[in-house]
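Content type compact mmCIF, C-alpha atoms and all ligand atoms, from the file structure.txt:
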```
# COMPACT_ATOMS: atom_id res chain seq x y z
CA MET A 1 91.46 49.13 17.08
CA ASN A 2 89.14 48.70 14.11
CA ASP A 3 88.37 45.18 15.22
CA CYS A 4 87.87 46.11 18.86
CA ILE A 5 84.45 44.93 20.00
CA PHE A 6 84.28 47.46 22.82
CA CYS A 7 85.04 50.31 20.39
CA LYS A 8 82.18 48.93 18.30
CA ILE A 9 79.94 48.97 21.38
CA LEU A 10 80.96 52.59 22.00
CA GLN A 11 80.09 53.46 18.42
CA GLY A 12 76.73 51.66 18.66
CA GLU A 13 77.71 49.11 16.01
CA ILE A 14 77.25 46.31 18.54
CA PRO A 15 74.24 46.65 20.87
CA SER A 16 74.74 46.77 24.62
CA LYS A 17 72.66 47.30 27.74
CA LYS A 18 73.83 50.67 29.01
CA VAL A 19 74.12 51.27 32.73
CA TYR A 20 75.87 54.64 32.72
CA GLU A 21 77.70 57.03 30.42
CA ASP A 22 79.58 60.30 30.70
CA GLU A 23 82.25 62.11 28.68
CA LEU A 24 84.99 59.72 29.82
CA VAL A 25 83.45 56.30 30.40
CA TYR A 26 80.71 53.92 29.35
CA ALA A 27 79.26 51.16 31.54
CA PHE A 28 77.14 48.25 30.35
CA TYR A 29 76.04 44.77 31.44
CA ASP A 30 78.39 41.90 30.67
CA ILE A 31 76.95 39.56 28.03
CA ALA A 32 77.92 36.49 30.09
CA PRO A 33 77.39 37.53 33.70
CA ALA A 34 79.61 35.84 36.28
CA ALA A 35 77.50 37.21 39.16
CA PRO A 36 73.95 38.57 39.65
CA VAL A 37 75.38 42.06 39.07
CA HIS A 38 78.11 42.14 36.42
CA VAL A 39 78.85 45.46 34.79
CA LEU A 40 81.79 46.44 32.60
CA ILE A 41 83.20 49.96 32.83
CA ILE A 42 85.31 51.08 29.88
CA PRO A 43 87.07 54.29 28.91
CA LYS A 44 85.82 55.98 25.75
CA ILE A 45 89.39 56.09 24.46
CA HIS A 46 90.93 52.86 23.22
CA LEU A 47 93.63 51.52 25.51
CA ALA A 48 94.40 47.83 25.00
CA GLY A 49 94.83 47.23 28.72
CA MET A 50 96.40 48.41 31.96
CA ASN A 51 99.89 48.07 30.44
CA GLU A 52 99.05 50.96 28.11
CA ALA A 53 97.99 53.32 30.88
CA THR A 54 100.41 56.14 31.72
CA GLU A 55 100.57 59.17 33.99
CA GLU A 56 98.33 60.99 31.55
CA HIS A 57 95.54 58.51 32.33
CA LYS A 58 95.67 59.01 36.08
CA ALA A 59 92.48 61.04 36.27
CA LEU A 60 90.70 58.61 33.95
CA LEU A 61 91.67 55.63 36.12
CA GLY A 62 90.48 57.40 39.25
CA HIS A 63 87.25 58.29 37.51
CA ILE A 64 86.67 54.66 36.52
CA LEU A 65 87.08 53.51 40.14
CA LEU A 66 84.76 56.21 41.49
CA THR A 67 82.25 55.38 38.75
CA ALA A 68 82.36 51.74 39.89
CA GLN A 69 81.73 52.86 43.47
CA LYS A 70 78.78 55.02 42.37
CA LEU A 71 77.26 52.25 40.22
CA ALA A 72 77.69 49.75 43.07
CA ASP A 73 75.59 52.06 45.20
CA GLU A 74 72.96 52.55 42.49
CA LEU A 75 72.79 48.82 41.77
CA GLY A 76 72.32 48.02 45.46
CA ILE A 77 75.53 46.11 46.14
CA SER A 78 77.42 48.70 48.18
CA LYS A 79 76.53 47.32 51.58
CA SER A 80 76.65 43.61 50.69
CA GLY A 81 79.99 44.07 48.92
CA TYR A 82 81.46 43.94 45.47
CA ARG A 83 84.60 43.36 43.48
CA ILE A 84 86.26 45.60 40.92
CA ILE A 85 88.46 43.50 38.65
CA ASN A 86 90.83 44.34 35.85
CA ASN A 87 92.35 41.46 33.92
CA CYS A 88 95.61 42.39 32.22
CA GLY A 89 97.15 39.99 29.75
CA GLU A 90 96.99 36.32 28.98
CA ASN A 91 97.72 34.84 32.40
CA ALA A 92 95.01 37.00 33.93
CA GLY A 93 92.49 35.77 31.36
CA GLN A 94 92.02 39.02 29.46
CA THR A 95 89.98 38.26 26.35
CA VAL A 96 88.96 41.73 25.15
CA PHE A 97 91.86 44.08 24.50
CA HIS A 98 90.13 47.34 25.29
CA MET A 99 90.82 48.14 28.93
CA HIS A 100 87.84 47.39 31.13
CA PHE A 101 86.95 46.98 34.77
CA HIS A 102 84.45 44.37 35.93
CA LEU A 103 82.06 45.38 38.72
CA LEU A 104 80.74 42.20 40.32
CA GLY A 105 78.28 41.80 43.17
CA GLY A 106 75.15 40.18 44.52
CA ASP A 107 77.01 37.00 45.42
CA THR A 108 79.75 35.71 47.72
CA PHE A 109 83.03 35.16 45.94
CA THR A 110 85.69 32.59 46.62
CA SER A 111 88.81 34.52 47.35
CA LEU A 112 91.80 34.39 45.02
CA VAL A 113 93.66 37.01 46.98
P1 LIG B 1 88.05 39.86 30.17
O1 LIG B 1 88.03 38.36 30.23
O2 LIG B 1 88.77 40.38 28.96
O3 LIG B 1 88.51 40.50 31.44
O4 LIG B 1 86.52 40.29 30.06
C1 LIG B 1 85.83 40.47 28.86
C2 LIG B 1 84.37 40.44 29.20
O5 LIG B 1 83.67 40.98 28.12
C3 LIG B 1 83.82 39.04 29.44
O6 LIG B 1 83.26 38.96 30.76
C4 LIG B 1 82.77 38.86 28.36
O7 LIG B 1 81.62 38.15 28.79
C5 LIG B 1 82.44 40.29 27.98
N1 LIG B 1 82.02 40.47 26.59
C6 LIG B 1 82.65 39.98 25.48
N2 LIG B 1 82.00 40.36 24.37
C7 LIG B 1 80.93 41.11 24.78
C8 LIG B 1 79.89 41.79 24.09
O8 LIG B 1 79.79 41.79 22.86
N3 LIG B 1 78.97 42.45 24.86
C9 LIG B 1 79.04 42.49 26.22
N4 LIG B 1 78.10 43.16 26.87
N5 LIG B 1 80.03 41.86 26.90
C10 LIG B 1 80.96 41.18 26.20
ZN ZN B 2 88.65 49.60 21.70
```
Kindly return the structure encoded in the file as structure tokens.
Ligand code: 5GP
Ligand code: ZN
Amino acid sequence: MNDCIFCKILQGEIPSKKVYEDELVYAFYDIAPAAPVHVLIIPKIHLAGMNEATEEHKALLGHILLTAQKLADELGISKSGYRIINNCGENAGQTVFHMHFHLLGGDTFTSLV
């Protein structure tokens, strides 16, 4: 956890462009955007990824999704459409092991699913 870059962002040790913050989550622009709108939403507690989430994180997970919905509206991508993506583990391409959800929009995406 000490080496977690997203914990460092939460602590202000690594700068980030904040989009939103409340008592449970922090949202900021991805450093390497994959779409015109690319925001990361992270919990303020350190969970390495979705595999670490349990029943006790149910409300937090719901809050993250509703935060994504709210930010999509505020960032003007609600009507055009957006994706909310969580990568879990190596095969999914997870590179930062602090659970996060990508909010992507402003573009048309080639469908994987
Ligand atoms: P993953 O591939 O783990 O699902 O996504 C990690 C994301 O974090 C990537 O899209 C990457 O660009 C972003 N990222 C990695 N390091 C930093 C950083 O220091 N600042 C910001 N804003 N984004 C980062
Ligand atoms: Zn962390």
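Taking atom CA of Ala59 of chain A and atom CA of His102 of chain A as the two end points, the separation is 18.5 Å.
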Show me, as a PyMOL selection string, the residues that have an atom within 8 Å of Lys44 of chain A when counting all atoms listed in the file, minus same-chain residues fewer than 5 positions from it. chain A and resi 7+10+23-26
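Between atom N4 of ligand LIG 1 (chain B) and atom CA of Leu61 of chain A the interatomic distance comes to 20.6 Å.
Taking atom CA of His46 of chain A and atom CA of Tyr82 of chain A as endpoints, the distance between them is 25.8 Å.
You can rank A:Val37, A:Pro15, A:Phe101, A:Leu47 by their closest distance to Leu65 of chain A using all atoms listed in the file, and at the top of that list sits A:Phe101.
Closest approach to ligand ZN 2 (chain B) among A:Gly49, A:Ser111, A:Ala35, A:Val19: A:Gly49, based on only C-alpha atoms and all ligand atoms.
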Using all atoms listed in the file, which residues of chain A come within 12 Å of ligand LIG 1 (chain B), and what is the closest atom pair for each, with the distance in Å to one decimal? Give it as CSV, sorted by chain and residue number.
```
residue,atom,partner,partner_atom,distance
A:Asp3,CA,B:LIG1,O8,12.0
A:Cys4,CA,B:LIG1,N2,9.9
A:Ile5,CA,B:LIG1,O8,6.3
A:Phe6,CA,B:LIG1,O8,7.2
A:Cys7,CA,B:LIG1,O8,10.3
A:Lys8,CA,B:LIG1,O8,8.8
A:Ile9,CA,B:LIG1,O8,7.3
A:Leu10,CA,B:LIG1,N3,10.7
A:Gly12,CA,B:LIG1,O8,11.2
A:Glu13,CA,B:LIG1,O8,10.2
A:Ile14,CA,B:LIG1,O8,6.7
A:Pro15,CA,B:LIG1,N3,7.5
A:Ser16,CA,B:LIG1,N4,5.4
A:Lys17,CA,B:LIG1,N4,6.9
A:Lys18,CA,B:LIG1,N4,8.9
A:Val19,CA,B:LIG1,N4,10.8
A:Tyr26,CA,B:LIG1,N4,11.3
A:Ala27,CA,B:LIG1,N4,9.3
A:Phe28,CA,B:LIG1,N4,6.2
A:Tyr29,CA,B:LIG1,N4,5.3
A:Asp30,CA,B:LIG1,N4,4.0
A:Ile31,CA,B:LIG1,N4,4.0
A:Ala32,CA,B:LIG1,O7,4.3
A:Pro33,CA,B:LIG1,O7,6.5
A:Ala34,CA,B:LIG1,O6,7.3
A:Ala35,CA,B:LIG1,O6,10.3
A:Val37,CA,B:LIG1,O6,11.9
A:His38,CA,B:LIG1,O6,8.3
A:Val39,CA,B:LIG1,N4,8.3
A:Leu40,CA,B:LIG1,O5,7.3
A:Ile41,CA,B:LIG1,O5,10.2
A:Ile42,CA,B:LIG1,O5,10.4
A:Ala48,CA,B:LIG1,O2,10.1
A:Gly49,CA,B:LIG1,O2,9.1
A:Met50,CA,B:LIG1,O3,11.2
A:Ile84,CA,B:LIG1,O3,11.0
A:Ile85,CA,B:LIG1,O3,7.8
A:Asn86,CA,B:LIG1,O3,6.3
A:Asn87,CA,B:LIG1,O3,4.7
A:Cys88,CA,B:LIG1,O3,7.4
A:Gly89,CA,B:LIG1,O2,8.4
A:Glu90,CA,B:LIG1,O2,9.2
A:Asn91,CA,B:LIG1,O1,10.5
A:Ala92,CA,B:LIG1,O3,7.8
A:Gly93,CA,B:LIG1,O1,5.3
A:Gln94,CA,B:LIG1,O2,3.6
A:Thr95,CA,B:LIG1,O2,3.6
A:Val96,CA,B:LIG1,O2,4.0
A:Phe97,CA,B:LIG1,O2,6.6
A:His98,CA,B:LIG1,O2,8.0
A:Met99,CA,B:LIG1,O2,8.0
A:His100,CA,B:LIG1,O3,6.9
A:Phe101,CA,B:LIG1,O3,7.5
A:His102,CA,B:LIG1,O3,7.2
A:Leu103,CA,B:LIG1,O6,10.3
A:Leu104,CA,B:LIG1,O6,10.4
```
Using only C-alpha atoms, which residues sit within 7 Å of Gly81 of chain A once same-chain residues fewer than 3 positions away are excluded, as number ranges by chain? A: 77-78, 105
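Closest approach to ligand ZN 2 (chain B) among A:Asp22, A:Ile45, A:Phe109, A:His63: A:Ile45, based on only C-alpha atoms and all ligand atoms.
Proximity of A:Asp107, A:Glu55, A:Glu74, A:Glu21 to Pro43 of chain A, computed with all atoms listed in the file, is greatest for A:Glu21.
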